[in-house]
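Asks: My structure is below; once you've seen it, I'll send some questions.
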Amino acid sequence: MRLILLGPPGAGKGTQAQRLVQKYGIIQLSTGEMLRAAVAAETPIGLQAKDIMASGALVPDEIVIGIISDRLDQPDMKKGFILDGFPRTVPQAAALDELLKKKHIKLDAVIELRVNESALLNRVETRVAEMRARGEEVRIDDTPEVLSKRLASYRALTEPLIHYYSERRKLATVDGMMTIEQVTREINRILSAVGAVEPKAARSAAPARKAKGAARKSAKPAGKKPAKTAGKAAKAAAKDKKAASKRAGTATRRATAAAKGRSAGKARRAVKKIVPKAAKKVTKKRAKR
């Protein structure tokens, strides 16, 4: 499974990414974490990124793509990944497409979590008010003011990606205002529909089909052989009966013919005996005359 999650800050991308990681055993790729790991490992690209990050400047896209390329070559990427925080712009998306094409990796889907920005701001304001009421410290980046700036940046830079991936028929949109469970179910449904994961019904039916097939195979010799043997025996018995009947008929005809022959022979012999006697009588009568 190779997946990109899109959505403004507060849409719930992190929560859903963690759920997918736990369910499917894939890797969540965070560009920030990858950059820090490359810097710590002192890879050639990591060393380039280190100097740029130290100066407070943004790391160029080509360096980020290089780090992602190195990460994709590692063994734990076989099951797939979720990209978190990248791409943020259309040029980054185009560069990522080229990278995946070179590595013969197919991107399964880009899922957009669409939310109501006003509702997000209300959520943050409510959360901040509750934290302050409890005397808890509020993070600097977790205020309505900061969120408003991040949302404006998202609309200007990242929102064009929705059109970019929609044109390439990779985009699927989920209502991010649903409950966490509902969003998770919808994401799983989309992943099954695009073939990124096997549908649950098919997964549960597969073992049953295998067991059924094995049962049929094991029952086949025991069930069909006796039936074949019985059929052969019945055919042989019928054949023998027919032959016996034929032989009996032949014997009867022969016996009848023989009986007729004997009767005819007796009749001829009787005639021969009678005819000479009659002839002698006629001769004697003529002599007397």
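In the structure tokens, each chain is lettered A, B, ... as it comes, each chain's residues begin at 1, and ligands are numbered from 1 in order of appearance.
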So which residues touch segment 34-45 of chain A within 9 Å, counting only C-alpha atoms, skipping near sequence neighbours fewer than 2 positions away, as a PyMOL selection string?
Replies: chain A and resi 29-32+47-50+63-64+66-68+71
Asks: Any chance you can output those residues with N, CA and C atoms as a compact mmCIF listing (two decimals), in the first residue's frame?
Replies:
```txt
# COMPACT_ATOMS: atom_id res chain seq x y z
N LEU A 29 5.89 7.82 6.67
CA LEU A 29 7.06 8.61 6.33
C LEU A 29 6.79 10.09 6.60
N SER A 30 7.48 10.62 7.58
CA SER A 30 7.39 12.04 7.89
C SER A 30 8.67 12.70 7.37
N THR A 31 8.50 13.71 6.52
CA THR A 31 9.69 14.36 5.96
C THR A 31 10.56 14.98 7.05
N GLY A 32 9.91 15.51 8.08
CA GLY A 32 10.69 16.09 9.18
C GLY A 32 11.54 15.05 9.87
N LEU A 47 23.99 15.76 5.33
CA LEU A 47 24.96 16.83 5.61
C LEU A 47 24.58 18.12 4.87
N GLN A 48 24.05 17.97 3.65
CA GLN A 48 23.60 19.16 2.93
C GLN A 48 22.42 19.81 3.65
N ALA A 49 21.49 18.97 4.10
CA ALA A 49 20.31 19.48 4.78
C ALA A 49 20.68 20.12 6.12
N LYS A 50 21.71 19.58 6.78
CA LYS A 50 22.12 20.09 8.10
C LYS A 50 22.51 21.57 8.04
N ILE A 63 16.56 18.13 -2.25
CA ILE A 63 17.17 17.44 -1.11
C ILE A 63 16.14 16.56 -0.41
N VAL A 64 14.91 17.08 -0.25
CA VAL A 64 13.85 16.28 0.37
C VAL A 64 13.57 15.03 -0.47
N GLY A 66 15.64 13.53 -2.45
CA GLY A 66 16.79 12.64 -2.28
C GLY A 66 16.70 11.82 -1.00
N ILE A 67 16.23 12.46 0.07
CA ILE A 67 16.09 11.76 1.35
C ILE A 67 14.97 10.71 1.26
N ILE A 68 13.88 11.08 0.60
CA ILE A 68 12.78 10.12 0.42
C ILE A 68 13.26 8.93 -0.43
N ARG A 71 15.21 6.57 1.63
CA ARG A 71 14.35 5.86 2.59
C ARG A 71 13.56 4.76 1.90
```
Asks: List as CSV every residue of segment 92-136 of chain A that is in contact with segment 140-143 of chain A, defined as an atom at most 12 Å from one of its atoms (using only C-alpha atoms), together with the nearest atom pair and the distance in Å rounded to one decimal, sorted by chain and then rising number.
Replies:
```
residue,atom,partner,partner_atom,distance
A:Leu120,CA,A:Thr143,CA,11.0
A:Leu121,CA,A:Thr143,CA,8.7
A:Asn122,CA,A:Thr143,CA,10.6
A:Arg123,CA,A:Thr143,CA,10.2
A:Val124,CA,A:Thr143,CA,6.4
A:Glu125,CA,A:Thr143,CA,7.0
A:Thr126,CA,A:Thr143,CA,10.1
A:Arg127,CA,A:Thr143,CA,9.1
A:Val128,CA,A:Thr143,CA,6.8
A:Ala129,CA,A:Thr143,CA,9.9
A:Met131,CA,A:Asp142,CA,11.0
A:Arg132,CA,A:Thr143,CA,11.6
```
Asks: With DSSP run on the backbone, what are the strand (DSSP E) residues within segment 20-214 of chain A? I'd like them as JSON, numbers by chain.
Replies: {"A": [27, 28, 29, 30, 81, 82, 83, 84, 109, 110, 111, 112, 113, 114, 171, 172, 173, 174, 175]}
Asks: Take the residues from that selection and write them out as a compact mmCIF listing (two decimals), in the first residue's frame, keeping C-alpha atoms.
Replies:
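This went into out-v7.txt:
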```txt
# COMPACT_ATOMS: atom_id res chain seq x y z
CA ILE A 27 5.58 2.77 7.47
CA GLN A 28 4.55 6.37 8.06
CA LEU A 29 7.06 8.61 6.33
CA SER A 30 7.39 12.04 7.89
CA PHE A 81 4.11 3.58 3.23
CA ILE A 82 2.06 6.66 4.03
CA LEU A 83 3.62 10.01 3.17
CA ASP A 84 3.06 12.58 5.91
CA ALA A 109 -4.32 6.48 -3.69
CA VAL A 110 -4.32 10.06 -2.45
CA ILE A 111 -7.00 10.53 0.21
CA GLU A 112 -8.19 14.01 1.03
CA LEU A 113 -9.76 14.59 4.44
CA ARG A 114 -12.12 17.48 3.73
CA LEU A 171 -7.82 11.33 -5.51
CA ALA A 172 -10.52 10.11 -3.15
CA THR A 173 -12.29 12.50 -0.77
CA VAL A 174 -13.50 11.61 2.73
CA ASP A 175 -15.67 13.78 4.99
```
Asks: What lies within 9 Å of Glu159 of chain A using only C-alpha atoms, ignoring chain neighbours under 5 positions off, as a count of residues only?
Replies: 6
Asks: If DSSP is run on the backbone, what residues of segment 32-154 of chain A are alpha helix (DSSP H)? A reply as a PyMOL selection string would be ideal.
Replies: chain A and resi 32-41+44-54+61-72+90-102+117-133+144-153
Asks: For Asn116 of chain A, list every protein, DNA or RNA residue within 9 Å, evaluated using only C-alpha atoms, and leave out those in the same chain fewer than 5 positions away; present the list as a count of residues only.
Replies: 4
Asks: From the list A:Leu96, A:Glu33, A:Ile105, A:Leu20, which residue is nearest Asn188 of chain A when using only C-alpha atoms?
Replies: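 Ranked by minimum distance to Asn188 of chain A, first place goes to A:Leu20.
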Asks: Can you measure atom CA of Arg185 of chain A to atom CA of Leu161 of chain A for me? One decimal in Å is fine.
Replies: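 These atoms are spaced 23.8 Å apart.
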